[in-house]
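Trainee: Can you keep this structure in mind? I'll have questions shortly.
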2 protein chains.
Amino acid sequence: MELFERIAAMRAYLAEARARGERIGFVPTMGFLHKGHLALIRSAREDDEVDRVVVSIFVNPLQFGPREDYRDYPRNLERDKKLCLSGGTDALFVPAVEEMYPEGFATHVEVTGVTDILCGRSRPGHFRGVATVVAKLFNIVQPDSAYFGIKDAQQVVVIRRMVEDLDFPVKIKVHPTVREEDGLAVSSRNIYLSAEERRAATVLYRSLKRAEELVVQGERNGLRLKRFLEDAIGAEPLARLDYAEVVSWPDLKPLNELRPGQVLLAVAAYFGRARLIDNLLVEVKA
Amino acid sequence: MELFERIAAMRAYLAEARARGERIGFVPTMGFLHKGHLALIRSAREDDEVDRVVVSIFVNPLQFGPREDYRDYPRNLERDKKLCLSGGTDALFVPAVEEMYPEGFATHVEVTGVTDILCGRSRPGHFRGVATVVAKLFNIVQPDSAYFGIKDAQQVVVIRRMVEDLDFPVKIKVHPTVREEDGLAVSSRNIYLSAEERRAATVLYRSLKRAEELVVQGERNGLRLKRFLEDAIGAEPLARLDYAEVVSWPDLKPLNELRPGQVLLAVAAYFGRARLIDNLLVEVKA
């Protein structure tokens, strides 16, 4: 596995691969890798449409708000390198902040509409930062395929929208959420949790599964489902709810009435200083 | 010369060229081509770094304000085709508006800072539209080199900024302004001018040249130069000044005092309904 810190060196390596006709699979991450990332790397490695697997590790300051955890975001490059290698990574791109955002940087990519709700509403500027860094990484790596986890469901929608709107020649491939045995979605931010908060955090997935069960049993009122999620998470003393929403997929509009097709149940809550998100895509039957 | 109206067809053609190792030169235009465009096409054709020349014609609604001339902007595809062919164009890309901006389009590229002045101030949203469509066209055509005229000096700065910031793998190549015999910069919008306005419009270049002469003679006061340009253009009864500015190059900051290096003298004025721009890059001696 080769490691690159500079854009020019990463490009030179990829130009050689492309000149040999190789197709690039790309997994962008913020590092502190867990089994969710590993699942993305492995699906790139096993993808018939991919010859070479590139992973990036970059904690992107642009997608953090001024009161968020950019400085504290966990980092462990030595461990990440081992995990990348074990997943079959060919090249690891680890640029410094100054390499990605040199002085004078002044360009942003903004996706409107689907960013007005959920994390877009709670974290103003977050998806502008995500879209901007992903546009940069796509232009640097020029992947044929790029891999994202549905755990960040709104991020998937934003990136698909950007790719379609700006005509990036990249296939976006989405992987299911990877969970711990008790259902907690794996996340780099789970490291922030105390033992008590860790137990409490299972309320997110449990509430989503119970809401899904209500849908299966025939519930079609979006507002009642939203209230149910709010109450279920609110009943956990260690949880501080950010949002619970029932929205259409993939345009993320709040739903008063569930119609046949897919709907997204999405929640976010704080457990101590950890802000965790989770979601379920639920099939509504006719 | 081949003509493409669909993104997918344009891409398929270019994928084949690239697979043969050919390098793409790209001239994006809004059509109604004149000898300025032709100079760009010819410099692509003669470029040692280019094997295949692609020209796009697309009157981009996103870069026109609500009270601007999008609907009236001159169009003549049959004439444009002949000019493209005569310049050595291999492929002409002429997408419809619905092909570029299908329903649900929601992504924009914004360059801040260098867009706060000159045409960016007079035409809010204009450069957001320019950056967005150029990002799209770059992703569709994936050129090795792209050609722009310095007549749109601020556009050159915005696009270079975007290319650098978002890491587009494209070389931006800039061509001098092409002028009529009497100095008027060629522009598709010159067609709007009456015979009287056409004569009056020469005031732009004459004023710029006289201001340049003042700099050569030792004038170093930016405000005095700006006033000189305002007065010179204001003295033409058929001209309605939009702006006259003396700014640093390439960061486009208003200059009180000219320092050694390049400065940009930039003007915009209405002649009837035609809004014309012109500029000179002037070398300031130590």
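Identifiers in the structure tokens: chain A, B, ... in order shown; residue index from 1 per chain; ligand index from 1 in order shown.
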Using only C-alpha atoms, find which residues of chain A lie within 9 Å of chain B and jot them down as number ranges by chain.
Mentor: A: 7, 19, 21, 100-102, 104-114, 132-133, 135-140, 161-162, 164-169
Trainee: List as a VMD selection string the protein and nucleic acid residues near Gly31 in chain B, meaning an atom at most 9 Å away when only C-alpha atoms are counted, but skip any in the same chain fewer than 5 places from it.
Mentor: chain B and resid 37 56 to 59 74 to 77 80 188
Trainee: Kindly export the residues of the current selection with N, CA and C atoms, as a PDB file, in the first residue's frame.
Mentor:
ATOM      1  N   HIS B  37     -13.872  34.368 -30.554  1.00  0.00           N
ATOM      2  CA  HIS B  37     -14.030  32.922 -30.360  1.00  0.00           C
ATOM      3  C   HIS B  37     -13.136  32.142 -31.320  1.00  0.00           C
ATOM      4  N   SER B  56     -18.139  24.167 -27.121  1.00  0.00           N
ATOM      5  CA  SER B  56     -19.533  24.092 -26.681  1.00  0.00           C
ATOM      6  C   SER B  56     -20.223  25.413 -26.961  1.00  0.00           C
ATOM      7  N   ILE B  57     -21.495  25.318 -27.306  1.00  0.00           N
ATOM      8  CA  ILE B  57     -22.353  26.484 -27.484  1.00  0.00           C
ATOM      9  C   ILE B  57     -23.539  26.301 -26.566  1.00  0.00           C
ATOM     10  N   PHE B  58     -23.632  27.169 -25.565  1.00  0.00           N
ATOM     11  CA  PHE B  58     -24.734  27.058 -24.611  1.00  0.00           C
ATOM     12  C   PHE B  58     -24.965  28.429 -23.987  1.00  0.00           C
ATOM     13  N   VAL B  59     -26.130  29.016 -24.291  1.00  0.00           N
ATOM     14  CA  VAL B  59     -26.488  30.281 -23.654  1.00  0.00           C
ATOM     15  C   VAL B  59     -27.042  29.908 -22.277  1.00  0.00           C
ATOM     16  N   PRO B  74     -28.141  36.999 -28.800  1.00  0.00           N
ATOM     17  CA  PRO B  74     -28.190  36.574 -30.212  1.00  0.00           C
ATOM     18  C   PRO B  74     -27.773  35.107 -30.388  1.00  0.00           C
ATOM     19  N   ARG B  75     -28.447  34.444 -31.309  1.00  0.00           N
ATOM     20  CA  ARG B  75     -28.176  33.026 -31.587  1.00  0.00           C
ATOM     21  C   ARG B  75     -28.171  32.831 -33.103  1.00  0.00           C
ATOM     22  N   ASN B  76     -27.239  32.002 -33.579  1.00  0.00           N
ATOM     23  CA  ASN B  76     -27.221  31.668 -35.008  1.00  0.00           C
ATOM     24  C   ASN B  76     -26.388  30.409 -35.190  1.00  0.00           C
ATOM     25  N   LEU B  77     -27.017  29.267 -34.942  1.00  0.00           N
ATOM     26  CA  LEU B  77     -26.278  28.007 -34.912  1.00  0.00           C
ATOM     27  C   LEU B  77     -25.690  27.632 -36.268  1.00  0.00           C
ATOM     28  N   ASP B  80     -22.623  29.584 -36.704  1.00  0.00           N
ATOM     29  CA  ASP B  80     -21.646  29.102 -35.715  1.00  0.00           C
ATOM     30  C   ASP B  80     -20.983  27.796 -36.169  1.00  0.00           C
ATOM     31  N   SER B 188     -20.270  39.417 -28.863  1.00  0.00           N
ATOM     32  CA  SER B 188     -21.548  39.048 -29.466  1.00  0.00           C
ATOM     33  C   SER B 188     -22.575  40.152 -29.262  1.00  0.00           C
TER      34      SER B 188
END
Trainee: Can you tell me how far CA of Arg273 in chain A sits from CA of Gln63 in chain A, in Å to one decimal?
Mentor: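 Straight-line distance from CA of Arg273 in chain A to CA of Gln63 in chain A works out to 17.7 Å.
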Trainee: Could you pull out the helix (DSSP H, G or I) residues of range 11-214 of chain A from DSSP and send them as an MDAnalysis selection string?
Mentor: chainID A and resid 11:19 35:45 61:63 77:87 97:100 118:122 126:141 150:165 188:192 195:200 203:214
Trainee: Please produce a file of those selected residues containing C-alpha atoms, as a tab-separated table (two decimals), in the first residue's frame.
Mentor:
chain	number	residue	atom	x	y	z
A	11	ARG	CA	-2.40	12.33	-9.21
A	12	ALA	CA	0.81	11.04	-10.76
A	13	TYR	CA	0.21	7.59	-9.23
A	14	LEU	CA	-3.39	7.53	-10.50
A	15	ALA	CA	-2.48	8.81	-13.96
A	16	GLU	CA	-0.20	5.79	-14.34
A	17	ALA	CA	-2.95	3.42	-13.21
A	18	ARG	CA	-5.47	5.01	-15.57
A	19	ALA	CA	-3.00	4.89	-18.46
A	35	LYS	CA	-15.85	-1.65	10.64
A	36	GLY	CA	-18.24	0.61	8.72
A	37	HIS	CA	-15.34	2.07	6.77
A	38	LEU	CA	-13.81	-1.38	6.41
A	39	ALA	CA	-17.05	-2.61	4.82
A	40	LEU	CA	-16.80	0.23	2.27
A	41	ILE	CA	-13.16	-0.56	1.50
A	42	ARG	CA	-13.98	-4.26	1.11
A	43	SER	CA	-16.90	-3.56	-1.21
A	44	ALA	CA	-14.57	-1.42	-3.35
A	45	ARG	CA	-11.99	-4.23	-3.30
A	61	PRO	CA	-12.52	21.57	8.78
A	62	LEU	CA	-15.04	23.02	6.31
A	63	GLN	CA	-17.78	20.63	7.40
A	77	LEU	CA	-3.26	7.25	11.49
A	78	GLU	CA	-1.13	4.25	12.44
A	79	ARG	CA	-4.18	2.16	13.27
A	80	ASP	CA	-5.98	3.47	10.14
A	81	LYS	CA	-3.08	2.39	7.93
A	82	LYS	CA	-3.30	-1.18	9.22
A	83	LEU	CA	-7.08	-1.28	8.69
A	84	CYS	CA	-6.73	0.10	5.16
A	85	LEU	CA	-4.10	-2.49	4.34
A	86	SER	CA	-6.23	-5.30	5.79
A	87	GLY	CA	-9.18	-4.17	3.65
A	97	VAL	CA	-5.30	20.96	5.73
A	98	GLU	CA	-2.91	23.42	4.01
A	99	GLU	CA	-2.67	21.08	1.02
A	100	MET	CA	-6.45	21.02	0.62
A	118	LEU	CA	-32.23	17.02	9.29
A	119	CYS	CA	-28.48	17.54	9.80
A	120	GLY	CA	-28.52	20.37	7.24
A	121	ARG	CA	-30.79	22.35	9.55
A	122	SER	CA	-28.91	21.44	12.76
A	126	HIS	CA	-22.04	21.27	7.13
A	127	PHE	CA	-23.14	19.97	3.74
A	128	ARG	CA	-21.51	22.90	1.94
A	129	GLY	CA	-18.27	21.67	3.51
A	130	VAL	CA	-19.03	18.07	2.58
A	131	ALA	CA	-19.95	18.90	-1.04
A	132	THR	CA	-16.87	21.10	-1.44
A	133	VAL	CA	-14.39	18.55	-0.12
A	134	VAL	CA	-15.99	15.68	-2.05
A	135	ALA	CA	-15.86	17.76	-5.26
A	136	LYS	CA	-12.16	18.36	-4.60
A	137	LEU	CA	-11.46	14.70	-3.81
A	138	PHE	CA	-13.37	13.57	-6.91
A	139	ASN	CA	-11.29	15.92	-9.05
A	140	ILE	CA	-8.05	14.73	-7.46
A	141	VAL	CA	-8.78	10.99	-7.52
A	150	ILE	CA	-26.24	4.97	4.21
A	151	LYS	CA	-25.70	5.74	7.92
A	152	ASP	CA	-25.10	9.27	6.62
A	153	ALA	CA	-28.27	9.12	4.55
A	154	GLN	CA	-28.57	12.84	3.91
A	155	GLN	CA	-24.92	12.95	2.87
A	156	VAL	CA	-25.66	10.26	0.29
A	157	VAL	CA	-28.56	12.34	-1.06
A	158	VAL	CA	-26.44	15.51	-1.19
A	159	ILE	CA	-23.55	13.80	-2.95
A	160	ARG	CA	-25.81	12.05	-5.46
A	161	ARG	CA	-27.49	15.39	-6.17
A	162	MET	CA	-24.11	17.09	-6.64
A	163	VAL	CA	-22.79	14.32	-8.87
A	164	GLU	CA	-25.90	14.42	-11.04
A	165	ASP	CA	-26.12	18.23	-11.17
A	188	SER	CA	-15.98	7.27	14.99
A	189	ARG	CA	-17.80	9.47	17.51
A	190	ASN	CA	-18.85	6.46	19.63
A	191	ILE	CA	-15.40	6.82	21.25
A	192	TYR	CA	-16.75	9.91	23.05
A	195	ALA	CA	-20.08	3.30	29.50
A	196	GLU	CA	-23.48	4.65	30.64
A	197	GLU	CA	-23.92	6.79	27.54
A	198	ARG	CA	-22.89	3.85	25.38
A	199	ARG	CA	-25.76	1.80	26.85
A	200	ALA	CA	-28.18	4.71	26.53
A	203	VAL	CA	-32.20	3.96	22.23
A	204	LEU	CA	-31.73	5.36	18.70
A	205	TYR	CA	-31.83	2.06	16.86
A	206	ARG	CA	-34.44	0.56	19.21
A	207	SER	CA	-36.74	3.53	18.61
A	208	LEU	CA	-36.24	3.36	14.84
A	209	LYS	CA	-37.02	-0.38	14.80
A	210	ARG	CA	-40.17	0.16	16.87
A	211	ALA	CA	-41.26	2.95	14.53
A	212	GLU	CA	-40.61	0.66	11.58
A	213	GLU	CA	-42.78	-1.97	13.26
A	214	LEU	CA	-45.59	0.60	13.56
Trainee: One decimal, Å: what's the distance from CA of Met10 in chain A over to CA of Ala146 in chain A, could you say?
Mentor: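 Answer for the CA of Met10 in chain A to CA of Ala146 in chain A separation: 16.4 Å.
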Trainee: Please provide as a list in words all residues within 8 Å of Glu22 in chain A, with the sequence filter that same-chain residues fewer than 5 positions apart are discarded (counting only C-alpha atoms).
Mentor: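 My reading of the contact set: Ala17, Val50, Asp51 and Arg52 of chain A.
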Trainee: Any chance you could export the current selection's N, CA and C atoms as a PDB file, in the first residue's frame?
Mentor:
ATOM      1  N   ALA A  17      -1.966   4.504 -13.283  1.00  0.00           N
ATOM      2  CA  ALA A  17      -2.954   3.423 -13.206  1.00  0.00           C
ATOM      3  C   ALA A  17      -3.975   3.564 -14.335  1.00  0.00           C
ATOM      4  N   VAL A  50     -13.894  -2.349 -10.408  1.00  0.00           N
ATOM      5  CA  VAL A  50     -12.764  -1.624  -9.806  1.00  0.00           C
ATOM      6  C   VAL A  50     -11.489  -2.452  -9.872  1.00  0.00           C
ATOM      7  N   ASP A  51     -10.396  -1.797 -10.292  1.00  0.00           N
ATOM      8  CA  ASP A  51      -9.089  -2.450 -10.289  1.00  0.00           C
ATOM      9  C   ASP A  51      -8.221  -1.959  -9.140  1.00  0.00           C
ATOM     10  N   ARG A  52      -8.390  -0.670  -8.806  1.00  0.00           N
ATOM     11  CA  ARG A  52      -7.481  -0.084  -7.821  1.00  0.00           C
ATOM     12  C   ARG A  52      -8.300   0.654  -6.765  1.00  0.00           C
TER      13      ARG A  52
END
Trainee: Could you pull out the strand (DSSP E or B) residues of range 60-237 of chain B from DSSP and send them as a list in words?
Mentor: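 Filtering range 60-237 of chain B to strand (DSSP E or B) leaves Ala91, Leu92, Phe93, Thr107, His108, Val109, Glu110, Val111, Ser145, Ala146, Tyr147, Phe148, Gly149, Lys171, Ile172, Lys173, Val174, His175, Arg179, Ala185 and Asn221 of chain B.
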Trainee: Have a look at CA of Lys226 in chain B and CA of Leu184 in chain B and let me know their distance in Å, one decimal.
Mentor: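 Going from CA of Lys226 in chain B over to CA of Leu184 in chain B, I get 19.9 Å.
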